[in-house]
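Asker: First the structure, which I've put down as structure tokens, then a few questions once you've had a look.
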Amino acid sequence: MLSEPRSGRLAAWGNALLAGLVPPDDAVLAIVGEDAVHRVEGLPGESAPVGLTLALGRLRALGVGGLRVALPAPGHPLGLSGPPEFNARALEAEEAVVCSGAAVGLVPEVYEAGPAGDVHVEVVWHCLPVREAPPADVPSLGEAERELAEALREATEVLTRLDVAGSGPVAEAAIDAYRARASGSRGREVLAPGYPPRAVRVLELAQRVGALVSLAVAAGEHGGAVSASEISARAGALRPVERTARRAQVAAYNSVVEERGVG
């Protein structure tokens, strides 16, 4: 799971800009991050791709009052509302931004260019029609926090049992993530001004869980699970945790829009 999806940066800092909490240049700089450039293609009223500053201004003029994140996976259209064409593009990219106040959404397409050792990344956001309907399977912040803590606790117990032969790193990572759920500040590096403290806390824990899942998956072939049945059990334990963590990420990014009652 991506610890900092581009859709999260776009939604978080786009929401701060729409609320008048940050100037356009600061918002665009945060959204682009380490990428070389971001452009938006297919924006209503524009015949060619445009830069983020103009795109965000155009979205505001279209009536957009907030930006929501979608992080879909096969069989789980998290944060999406249709139509099928948009959902398919979002599923392929594994992320999207859905606008509140106008029936459009944005799906990123990432390009890499340049020689080895000097590769730069360009992102094109494709603006597409969306269905104005409640997003799929997005919990409230409170629900997300409770579900995530419980899922992580259960996964910690399972992974500790599966971490046989004394290898230890997967179980230790799980325990560290669980104990750190109320501390840390990594979420503050992602969320923009205007987000409630609880959203920062939920995003922090969701990102830690994402790191746990990545570690456990990587350890599947050479970690503590030494048999096919144990590897399968580990995957089964992690599957609902990963799903819960994605739901929590979306709840955190979308919380400021829900608080404002936009859309």
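A note on labels: chains of the structure tokens are A, B, ... as shown, every chain counts residues from 1, and ligands are counted from 1 in their shown order.
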Please list as JSON, numbers by chain every residue within 12 Å of Glu145 of chain A, counting only C-alpha atoms and excluding residues in the same chain fewer than 3 positions away.
Answerer: {"A": [139, 140, 141, 142, 148, 149, 150, 151, 152, 181, 182, 198, 199, 200, 201, 202, 203, 204, 205, 206, 244, 245, 246, 247, 248, 249, 250, 251, 252]}
Asker: Write the residues of the preceding selection, restricted to N, CA, C and O atoms, as a JSON list (two decimals), in the first residue's frame.
Answerer:
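This went into selection_4.json:
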[["chain", "number", "residue", "atom", "x", "y", "z"],
["A", 139, "PRO", "N", -15.37, 4.79, 5.82],
["A", 139, "PRO", "CA", -15.86, 4.93, 7.18],
["A", 139, "PRO", "C", -15.65, 6.34, 7.72],
["A", 139, "PRO", "O", -14.94, 7.15, 7.11],
["A", 140, "SER", "N", -16.25, 6.64, 8.86],
["A", 140, "SER", "CA", -15.94, 7.88, 9.56],
["A", 140, "SER", "C", -14.57, 7.74, 10.20],
["A", 140, "SER", "O", -14.01, 6.65, 10.31],
["A", 141, "LEU", "N", -14.01, 8.86, 10.64],
["A", 141, "LEU", "CA", -12.70, 8.82, 11.29],
["A", 141, "LEU", "C", -12.74, 7.93, 12.53],
["A", 141, "LEU", "O", -11.83, 7.15, 12.77],
["A", 142, "GLY", "N", -13.79, 8.09, 13.33],
["A", 142, "GLY", "CA", -13.89, 7.28, 14.54],
["A", 142, "GLY", "C", -13.96, 5.81, 14.25],
["A", 142, "GLY", "O", -13.28, 4.99, 14.90],
["A", 148, "LEU", "N", -9.00, -0.01, 12.75],
["A", 148, "LEU", "CA", -7.58, -0.17, 12.46],
["A", 148, "LEU", "C", -6.84, -0.70, 13.69],
["A", 148, "LEU", "O", -5.99, -1.59, 13.58],
["A", 149, "ALA", "N", -7.14, -0.17, 14.86],
["A", 149, "ALA", "CA", -6.49, -0.64, 16.08],
["A", 149, "ALA", "C", -6.81, -2.12, 16.32],
["A", 149, "ALA", "O", -5.92, -2.91, 16.69],
["A", 150, "GLU", "N", -8.06, -2.51, 16.12],
["A", 150, "GLU", "CA", -8.45, -3.90, 16.34],
["A", 150, "GLU", "C", -7.80, -4.82, 15.31],
["A", 150, "GLU", "O", -7.28, -5.89, 15.66],
["A", 151, "ALA", "N", -7.81, -4.43, 14.05],
["A", 151, "ALA", "CA", -7.21, -5.26, 13.01],
["A", 151, "ALA", "C", -5.71, -5.43, 13.23],
["A", 151, "ALA", "O", -5.16, -6.52, 13.04],
["A", 152, "LEU", "N", -5.06, -4.38, 13.65],
["A", 152, "LEU", "CA", -3.62, -4.46, 13.88],
["A", 152, "LEU", "C", -3.31, -5.33, 15.09],
["A", 152, "LEU", "O", -2.34, -6.10, 15.09],
["A", 181, "ARG", "N", 0.87, 3.53, 17.66],
["A", 181, "ARG", "CA", -0.34, 4.06, 17.05],
["A", 181, "ARG", "C", -0.77, 5.42, 17.61],
["A", 181, "ARG", "O", -1.45, 6.18, 16.94],
["A", 182, "ALA", "N", -0.36, 5.71, 18.84],
["A", 182, "ALA", "CA", -0.77, 6.99, 19.42],
["A", 182, "ALA", "C", 0.32, 8.03, 19.38],
["A", 182, "ALA", "O", 0.17, 9.12, 19.94],
["A", 198, "ARG", "N", -7.31, 14.31, 14.82],
["A", 198, "ARG", "CA", -7.64, 12.89, 14.74],
["A", 198, "ARG", "C", -7.30, 12.33, 13.37],
["A", 198, "ARG", "O", -6.89, 11.17, 13.25],
["A", 199, "ALA", "N", -7.47, 13.13, 12.32],
["A", 199, "ALA", "CA", -7.13, 12.66, 10.98],
["A", 199, "ALA", "C", -5.63, 12.40, 10.87],
["A", 199, "ALA", "O", -5.20, 11.43, 10.24],
["A", 200, "VAL", "N", -4.83, 13.26, 11.48],
["A", 200, "VAL", "CA", -3.38, 13.06, 11.48],
["A", 200, "VAL", "C", -3.04, 11.76, 12.18],
["A", 200, "VAL", "O", -2.22, 10.97, 11.71],
["A", 201, "ARG", "N", -3.70, 11.51, 13.30],
["A", 201, "ARG", "CA", -3.43, 10.30, 14.08],
["A", 201, "ARG", "C", -3.83, 9.04, 13.29],
["A", 201, "ARG", "O", -3.08, 8.06, 13.26],
["A", 202, "VAL", "N", -4.99, 9.08, 12.66],
["A", 202, "VAL", "CA", -5.45, 7.92, 11.89],
["A", 202, "VAL", "C", -4.54, 7.67, 10.70],
["A", 202, "VAL", "O", -4.19, 6.52, 10.40],
["A", 203, "LEU", "N", -4.15, 8.73, 10.01],
["A", 203, "LEU", "CA", -3.28, 8.55, 8.85],
["A", 203, "LEU", "C", -1.92, 8.00, 9.28],
["A", 203, "LEU", "O", -1.34, 7.15, 8.60],
["A", 204, "GLU", "N", -1.41, 8.49, 10.40],
["A", 204, "GLU", "CA", -0.13, 7.99, 10.91],
["A", 204, "GLU", "C", -0.19, 6.49, 11.15],
["A", 204, "GLU", "O", 0.70, 5.74, 10.72],
["A", 205, "LEU", "N", -1.24, 6.03, 11.80],
["A", 205, "LEU", "CA", -1.36, 4.60, 12.07],
["A", 205, "LEU", "C", -1.56, 3.81, 10.78],
["A", 205, "LEU", "O", -0.96, 2.75, 10.59],
["A", 206, "ALA", "N", -2.37, 4.33, 9.87],
["A", 206, "ALA", "CA", -2.61, 3.63, 8.61],
["A", 206, "ALA", "C", -1.32, 3.48, 7.82],
["A", 206, "ALA", "O", -1.07, 2.43, 7.20],
["A", 244, "THR", "N", -8.40, -2.71, 5.80],
["A", 244, "THR", "CA", -8.77, -1.77, 6.86],
["A", 244, "THR", "C", -7.87, -0.54, 6.82],
["A", 244, "THR", "O", -8.32, 0.59, 7.03],
["A", 245, "ALA", "N", -6.58, -0.74, 6.55],
["A", 245, "ALA", "CA", -5.65, 0.39, 6.50],
["A", 245, "ALA", "C", -5.97, 1.32, 5.34],
["A", 245, "ALA", "O", -5.90, 2.55, 5.48],
["A", 246, "ARG", "N", -6.33, 0.75, 4.19],
["A", 246, "ARG", "CA", -6.70, 1.61, 3.06],
["A", 246, "ARG", "C", -7.96, 2.41, 3.38],
["A", 246, "ARG", "O", -8.06, 3.59, 3.05],
["A", 247, "ARG", "N", -8.93, 1.77, 4.04],
["A", 247, "ARG", "CA", -10.16, 2.48, 4.42],
["A", 247, "ARG", "C", -9.82, 3.63, 5.39],
["A", 247, "ARG", "O", -10.40, 4.72, 5.29],
["A", 248, "ALA", "N", -8.89, 3.38, 6.29],
["A", 248, "ALA", "CA", -8.51, 4.42, 7.25],
["A", 248, "ALA", "C", -7.80, 5.57, 6.56],
["A", 248, "ALA", "O", -8.02, 6.74, 6.90],
["A", 249, "GLN", "N", -6.93, 5.26, 5.60],
["A", 249, "GLN", "CA", -6.27, 6.32, 4.84],
["A", 249, "GLN", "C", -7.29, 7.23, 4.16],
["A", 249, "GLN", "O", -7.19, 8.46, 4.23],
["A", 250, "VAL", "N", -8.25, 6.61, 3.49],
["A", 250, "VAL", "CA", -9.27, 7.38, 2.77],
["A", 250, "VAL", "C", -10.08, 8.22, 3.75],
["A", 250, "VAL", "O", -10.37, 9.39, 3.50],
["A", 251, "ALA", "N", -10.44, 7.64, 4.89],
["A", 251, "ALA", "CA", -11.19, 8.40, 5.90],
["A", 251, "ALA", "C", -10.41, 9.61, 6.38],
["A", 251, "ALA", "O", -10.98, 10.70, 6.57],
["A", 252, "ALA", "N", -9.10, 9.46, 6.56],
["A", 252, "ALA", "CA", -8.28, 10.58, 7.02],
["A", 252, "ALA", "C", -8.20, 11.68, 5.97],
["A", 252, "ALA", "O", -8.42, 12.87, 6.27]]
Asker: Show me, as a list in words, the residues that have an atom within 9 Å of Leu10 of chain A when counting only C-alpha atoms, minus same-chain residues fewer than 2 positions from it.
Answerer: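 So the residues in contact are Pro5, Arg6, Ser7, Gly8, Ala12, Trp13, Gly14, Asn15, Ala27, Val28, Ala30, Ile31, Val32, Leu67, Val69 and Val97 of chain A.
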Asker: Keeping all heavy atoms for every residue in the selection just given, could you write it to a file as an mmCIF file, in the first residue's frame?
Answerer:
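After the write, result21.cif holds the following:
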data_model
loop_
_atom_site.group_PDB
_atom_site.id
_atom_site.type_symbol
_atom_site.label_atom_id
_atom_site.label_comp_id
_atom_site.auth_asym_id
_atom_site.auth_seq_id
_atom_site.Cartn_x
_atom_site.Cartn_y
_atom_site.Cartn_z
ATOM 1 N N PRO A 5 0.083 8.346 -1.210
ATOM 2 C CA PRO A 5 -0.403 8.354 -2.594
ATOM 3 C C PRO A 5 -0.467 9.770 -3.138
ATOM 4 O O PRO A 5 -0.739 10.733 -2.409
ATOM 5 C CB PRO A 5 -1.806 7.737 -2.471
ATOM 6 C CG PRO A 5 -2.203 7.982 -1.063
ATOM 7 C CD PRO A 5 -0.945 7.908 -0.256
ATOM 8 N N ARG A 6 -0.206 9.910 -4.431
ATOM 9 C CA ARG A 6 -0.295 11.231 -5.045
ATOM 10 C C ARG A 6 -1.694 11.813 -4.916
ATOM 11 O O ARG A 6 -1.860 13.021 -4.795
ATOM 12 C CB ARG A 6 0.126 11.141 -6.517
ATOM 13 C CG ARG A 6 1.613 10.891 -6.701
ATOM 14 C CD ARG A 6 1.986 10.814 -8.181
ATOM 15 N NE ARG A 6 3.428 10.750 -8.367
ATOM 16 C CZ ARG A 6 4.131 9.614 -8.370
ATOM 17 N NH1 ARG A 6 3.499 8.456 -8.204
ATOM 18 N NH2 ARG A 6 5.446 9.635 -8.535
ATOM 19 N N SER A 7 -2.700 10.941 -4.938
ATOM 20 C CA SER A 7 -4.072 11.432 -4.765
ATOM 21 C C SER A 7 -4.252 12.040 -3.381
ATOM 22 O O SER A 7 -5.020 12.995 -3.207
ATOM 23 C CB SER A 7 -5.059 10.284 -4.968
ATOM 24 O OG SER A 7 -4.777 9.215 -4.095
ATOM 25 N N GLY A 8 -3.552 11.505 -2.389
ATOM 26 C CA GLY A 8 -3.631 12.066 -1.053
ATOM 27 C C GLY A 8 -3.041 13.462 -0.982
ATOM 28 O O GLY A 8 -3.626 14.373 -0.376
ATOM 29 N N ALA A 12 -5.354 16.637 -0.146
ATOM 30 C CA ALA A 12 -5.067 17.356 1.098
ATOM 31 C C ALA A 12 -4.727 18.823 0.835
ATOM 32 O O ALA A 12 -5.316 19.740 1.428
ATOM 33 C CB ALA A 12 -3.929 16.668 1.848
ATOM 34 N N TRP A 13 -3.785 19.056 -0.060
ATOM 35 C CA TRP A 13 -3.357 20.436 -0.307
ATOM 36 C C TRP A 13 -4.349 21.177 -1.196
ATOM 37 O O TRP A 13 -4.485 22.401 -1.087
ATOM 38 C CB TRP A 13 -1.953 20.444 -0.898
ATOM 39 C CG TRP A 13 -0.945 20.078 0.144
ATOM 40 C CD1 TRP A 13 -0.476 18.821 0.425
ATOM 41 C CD2 TRP A 13 -0.349 20.944 1.094
ATOM 42 N NE1 TRP A 13 0.385 18.866 1.483
ATOM 43 C CE2 TRP A 13 0.492 20.153 1.911
ATOM 44 C CE3 TRP A 13 -0.423 22.314 1.326
ATOM 45 C CZ2 TRP A 13 1.242 20.696 2.959
ATOM 46 C CZ3 TRP A 13 0.329 22.864 2.363
ATOM 47 C CH2 TRP A 13 1.144 22.060 3.158
ATOM 48 N N GLY A 14 -5.064 20.440 -2.047
ATOM 49 C CA GLY A 14 -6.139 21.072 -2.806
ATOM 50 C C GLY A 14 -7.249 21.547 -1.890
ATOM 51 O O GLY A 14 -7.802 22.640 -2.074
ATOM 52 N N ASN A 15 -7.580 20.761 -0.868
ATOM 53 C CA ASN A 15 -8.594 21.182 0.091
ATOM 54 C C ASN A 15 -8.143 22.406 0.883
ATOM 55 O O ASN A 15 -8.943 23.301 1.164
ATOM 56 C CB ASN A 15 -8.916 20.029 1.051
ATOM 57 C CG ASN A 15 -9.805 18.982 0.413
ATOM 58 O OD1 ASN A 15 -10.650 19.288 -0.413
ATOM 59 N ND2 ASN A 15 -9.613 17.722 0.798
ATOM 60 N N ALA A 27 0.590 25.236 -2.308
ATOM 61 C CA ALA A 27 -0.188 24.020 -2.529
ATOM 62 C C ALA A 27 0.403 23.200 -3.667
ATOM 63 O O ALA A 27 0.584 21.976 -3.545
ATOM 64 C CB ALA A 27 -1.638 24.373 -2.827
ATOM 65 N N VAL A 28 0.714 23.834 -4.770
ATOM 66 C CA VAL A 28 1.251 23.120 -5.935
ATOM 67 C C VAL A 28 2.608 22.504 -5.605
ATOM 68 O O VAL A 28 2.902 21.371 -5.981
ATOM 69 C CB VAL A 28 1.346 24.066 -7.139
ATOM 70 C CG1 VAL A 28 2.141 23.423 -8.274
ATOM 71 C CG2 VAL A 28 -0.043 24.456 -7.621
ATOM 72 N N ALA A 30 3.673 21.455 -2.743
ATOM 73 C CA ALA A 30 3.467 20.285 -1.888
ATOM 74 C C ALA A 30 2.893 19.117 -2.677
ATOM 75 O O ALA A 30 3.243 17.958 -2.434
ATOM 76 C CB ALA A 30 2.545 20.655 -0.724
ATOM 77 N N ILE A 31 1.990 19.388 -3.597
ATOM 78 C CA ILE A 31 1.375 18.321 -4.389
ATOM 79 C C ILE A 31 2.410 17.657 -5.300
ATOM 80 O O ILE A 31 2.468 16.428 -5.393
ATOM 81 C CB ILE A 31 0.209 18.883 -5.227
ATOM 82 C CG1 ILE A 31 -0.940 19.342 -4.318
ATOM 83 C CG2 ILE A 31 -0.293 17.831 -6.218
ATOM 84 C CD1 ILE A 31 -1.990 20.167 -5.021
ATOM 85 N N VAL A 32 3.219 18.444 -5.955
ATOM 86 C CA VAL A 32 4.217 17.897 -6.878
ATOM 87 C C VAL A 32 5.269 17.090 -6.127
ATOM 88 O O VAL A 32 5.732 16.047 -6.603
ATOM 89 C CB VAL A 32 4.857 19.022 -7.703
ATOM 90 C CG1 VAL A 32 6.026 18.491 -8.534
ATOM 91 C CG2 VAL A 32 3.822 19.666 -8.618
ATOM 92 N N LEU A 67 -12.154 17.939 -2.234
ATOM 93 C CA LEU A 67 -11.556 16.828 -2.979
ATOM 94 C C LEU A 67 -11.483 15.607 -2.070
ATOM 95 O O LEU A 67 -10.992 15.695 -0.939
ATOM 96 C CB LEU A 67 -10.153 17.199 -3.469
ATOM 97 C CG LEU A 67 -10.052 18.449 -4.358
ATOM 98 C CD1 LEU A 67 -8.587 18.787 -4.610
ATOM 99 C CD2 LEU A 67 -10.792 18.243 -5.670
ATOM 100 N N VAL A 69 -10.415 11.347 -1.716
ATOM 101 C CA VAL A 69 -9.488 10.334 -2.218
ATOM 102 C C VAL A 69 -10.215 9.007 -2.393
ATOM 103 O O VAL A 69 -11.096 8.658 -1.606
ATOM 104 C CB VAL A 69 -8.312 10.157 -1.232
ATOM 105 C CG1 VAL A 69 -7.458 8.944 -1.598
ATOM 106 C CG2 VAL A 69 -7.454 11.413 -1.212
ATOM 107 N N VAL A 97 -8.825 10.931 -7.376
ATOM 108 C CA VAL A 97 -9.413 12.036 -6.608
ATOM 109 C C VAL A 97 -10.788 12.302 -7.189
ATOM 110 O O VAL A 97 -10.945 12.419 -8.409
ATOM 111 C CB VAL A 97 -8.542 13.303 -6.687
ATOM 112 C CG1 VAL A 97 -9.263 14.501 -6.078
ATOM 113 C CG2 VAL A 97 -7.213 13.072 -5.981
#
Asker: Tell me, as a PDB file with N, CA, C and O atoms, in the first residue's frame, which residues lie within 10 Å of Leu56 of chain A, counting only C-alpha atoms; anything in the same chain fewer than 3 positions away does not count.
Answerer:
ATOM      1  N   LEU A  10      -2.705  15.551  -3.502  1.00  0.00           N
ATOM      2  CA  LEU A  10      -3.552  16.457  -4.282  1.00  0.00           C
ATOM      3  C   LEU A  10      -4.803  16.831  -3.496  1.00  0.00           C
ATOM      4  O   LEU A  10      -5.188  18.007  -3.449  1.00  0.00           O
ATOM      5  N   GLY A  14      -5.064  20.440  -2.047  1.00  0.00           N
ATOM      6  CA  GLY A  14      -6.139  21.072  -2.806  1.00  0.00           C
ATOM      7  C   GLY A  14      -7.249  21.547  -1.890  1.00  0.00           C
ATOM      8  O   GLY A  14      -7.802  22.640  -2.074  1.00  0.00           O
ATOM      9  N   ASN A  15      -7.580  20.761  -0.868  1.00  0.00           N
ATOM     10  CA  ASN A  15      -8.594  21.182   0.091  1.00  0.00           C
ATOM     11  C   ASN A  15      -8.143  22.406   0.883  1.00  0.00           C
ATOM     12  O   ASN A  15      -8.943  23.301   1.164  1.00  0.00           O
ATOM     13  N   LEU A  17      -6.122  24.687  -0.184  1.00  0.00           N
ATOM     14  CA  LEU A  17      -6.202  25.819  -1.105  1.00  0.00           C
ATOM     15  C   LEU A  17      -7.639  26.283  -1.279  1.00  0.00           C
ATOM     16  O   LEU A  17      -7.932  27.490  -1.229  1.00  0.00           O
ATOM     17  N   LEU A  18      -8.555  25.335  -1.470  1.00  0.00           N
ATOM     18  CA  LEU A  18      -9.955  25.695  -1.656  1.00  0.00           C
ATOM     19  C   LEU A  18     -10.535  26.389  -0.427  1.00  0.00           C
ATOM     20  O   LEU A  18     -11.443  27.211  -0.539  1.00  0.00           O
ATOM     21  N   PRO A  24      -1.703  29.409  -3.637  1.00  0.00           N
ATOM     22  CA  PRO A  24      -1.582  28.426  -4.723  1.00  0.00           C
ATOM     23  C   PRO A  24      -0.176  27.870  -4.913  1.00  0.00           C
ATOM     24  O   PRO A  24      -0.015  26.662  -5.121  1.00  0.00           O
ATOM     25  N   ALA A  27       0.590  25.236  -2.308  1.00  0.00           N
ATOM     26  CA  ALA A  27      -0.188  24.020  -2.529  1.00  0.00           C
ATOM     27  C   ALA A  27       0.403  23.200  -3.667  1.00  0.00           C
ATOM     28  O   ALA A  27       0.584  21.976  -3.545  1.00  0.00           O
ATOM     29  N   VAL A  28       0.714  23.834  -4.770  1.00  0.00           N
ATOM     30  CA  VAL A  28       1.251  23.120  -5.935  1.00  0.00           C
ATOM     31  C   VAL A  28       2.608  22.504  -5.605  1.00  0.00           C
ATOM     32  O   VAL A  28       2.902  21.371  -5.981  1.00  0.00           O
ATOM     33  N   VAL A  40      -2.791  18.555 -15.859  1.00  0.00           N
ATOM     34  CA  VAL A  40      -4.158  18.034 -15.850  1.00  0.00           C
ATOM     35  C   VAL A  40      -4.687  18.063 -17.274  1.00  0.00           C
ATOM     36  O   VAL A  40      -4.659  19.113 -17.933  1.00  0.00           O
ATOM     37  N   VAL A  50      -3.046  21.409 -18.788  1.00  0.00           N
ATOM     38  CA  VAL A  50      -2.696  22.653 -18.107  1.00  0.00           C
ATOM     39  C   VAL A  50      -1.975  22.323 -16.806  1.00  0.00           C
ATOM     40  O   VAL A  50      -2.022  21.201 -16.300  1.00  0.00           O
ATOM     41  N   GLY A  51      -1.304  23.319 -16.254  1.00  0.00           N
ATOM     42  CA  GLY A  51      -0.600  23.146 -14.994  1.00  0.00           C
ATOM     43  C   GLY A  51      -1.564  23.067 -13.813  1.00  0.00           C
ATOM     44  O   GLY A  51      -2.753  23.387 -13.920  1.00  0.00           O
ATOM     45  N   LEU A  52      -1.021  22.671 -12.670  1.00  0.00           N
ATOM     46  CA  LEU A  52      -1.864  22.480 -11.494  1.00  0.00           C
ATOM     47  C   LEU A  52      -2.490  23.769 -10.995  1.00  0.00           C
ATOM     48  O   LEU A  52      -3.643  23.776 -10.550  1.00  0.00           O
ATOM     49  N   THR A  53      -1.762  24.857 -11.054  1.00  0.00           N
ATOM     50  CA  THR A  53      -2.311  26.112 -10.551  1.00  0.00           C
ATOM     51  C   THR A  53      -3.560  26.506 -11.325  1.00  0.00           C
ATOM     52  O   THR A  53      -4.603  26.838 -10.727  1.00  0.00           O
ATOM     53  N   LEU A  59     -11.147  24.221 -11.393  1.00  0.00           N
ATOM     54  CA  LEU A  59     -12.046  23.374 -10.611  1.00  0.00           C
ATOM     55  C   LEU A  59     -12.876  24.202  -9.632  1.00  0.00           C
ATOM     56  O   LEU A  59     -14.072  23.954  -9.454  1.00  0.00           O
ATOM     57  N   ARG A  60     -12.253  25.178  -9.020  1.00  0.00           N
ATOM     58  CA  ARG A  60     -13.003  26.055  -8.123  1.00  0.00           C
ATOM     59  C   ARG A  60     -14.106  26.786  -8.889  1.00  0.00           C
ATOM     60  O   ARG A  60     -15.244  26.907  -8.418  1.00  0.00           O
ATOM     61  N   ALA A  61     -13.777  27.263 -10.081  1.00  0.00           N
ATOM     62  CA  ALA A  61     -14.766  27.973 -10.895  1.00  0.00           C
ATOM     63  C   ALA A  61     -15.905  27.053 -11.318  1.00  0.00           C
ATOM     64  O   ALA A  61     -17.038  27.514 -11.517  1.00  0.00           O
ATOM     65  N   LEU A  62     -15.624  25.759 -11.441  1.00  0.00           N
ATOM     66  CA  LEU A  62     -16.664  24.788 -11.801  1.00  0.00           C
ATOM     67  C   LEU A  62     -17.584  24.461 -10.631  1.00  0.00           C
ATOM     68  O   LEU A  62     -18.563  23.743 -10.793  1.00  0.00           O
ATOM     69  N   VAL A  64     -16.278  23.217  -7.554  1.00  0.00           N
ATOM     70  CA  VAL A  64     -15.676  22.225  -6.657  1.00  0.00           C
ATOM     71  C   VAL A  64     -15.372  22.872  -5.311  1.00  0.00           C
ATOM     72  O   VAL A  64     -14.696  23.900  -5.230  1.00  0.00           O
TER      73      VAL A  64
END
Asker: For a quick check of understanding, using only C-alpha atoms, which of A:Leu191, A:Val119, A:Val104, A:Leu212 has the smallest distance to Ser255 of chain A?
Answerer: A:Leu191
Asker: May I have all residues of segment 24-114 of chain A that DSSP, computed from the backbone, assigns to helix (DSSP H, G or I), given as JSON, numbers by chain?
Answerer: {"A": [24, 25, 26, 27, 28, 29, 30, 31, 32, 52, 53, 54, 55, 56, 57, 58, 59, 60, 61, 84, 85, 86, 87, 88, 89, 90, 91, 92, 93]}
Asker: Smallest atom-to-atom distance to Arg58 of chain A: which of A:Glu122, A:Gly79, A:Cys127, A:Glu112, using only C-alpha atoms?
Answerer: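 Counting only C-alpha atoms, the residue closest to Arg58 of chain A is A:Cys127.
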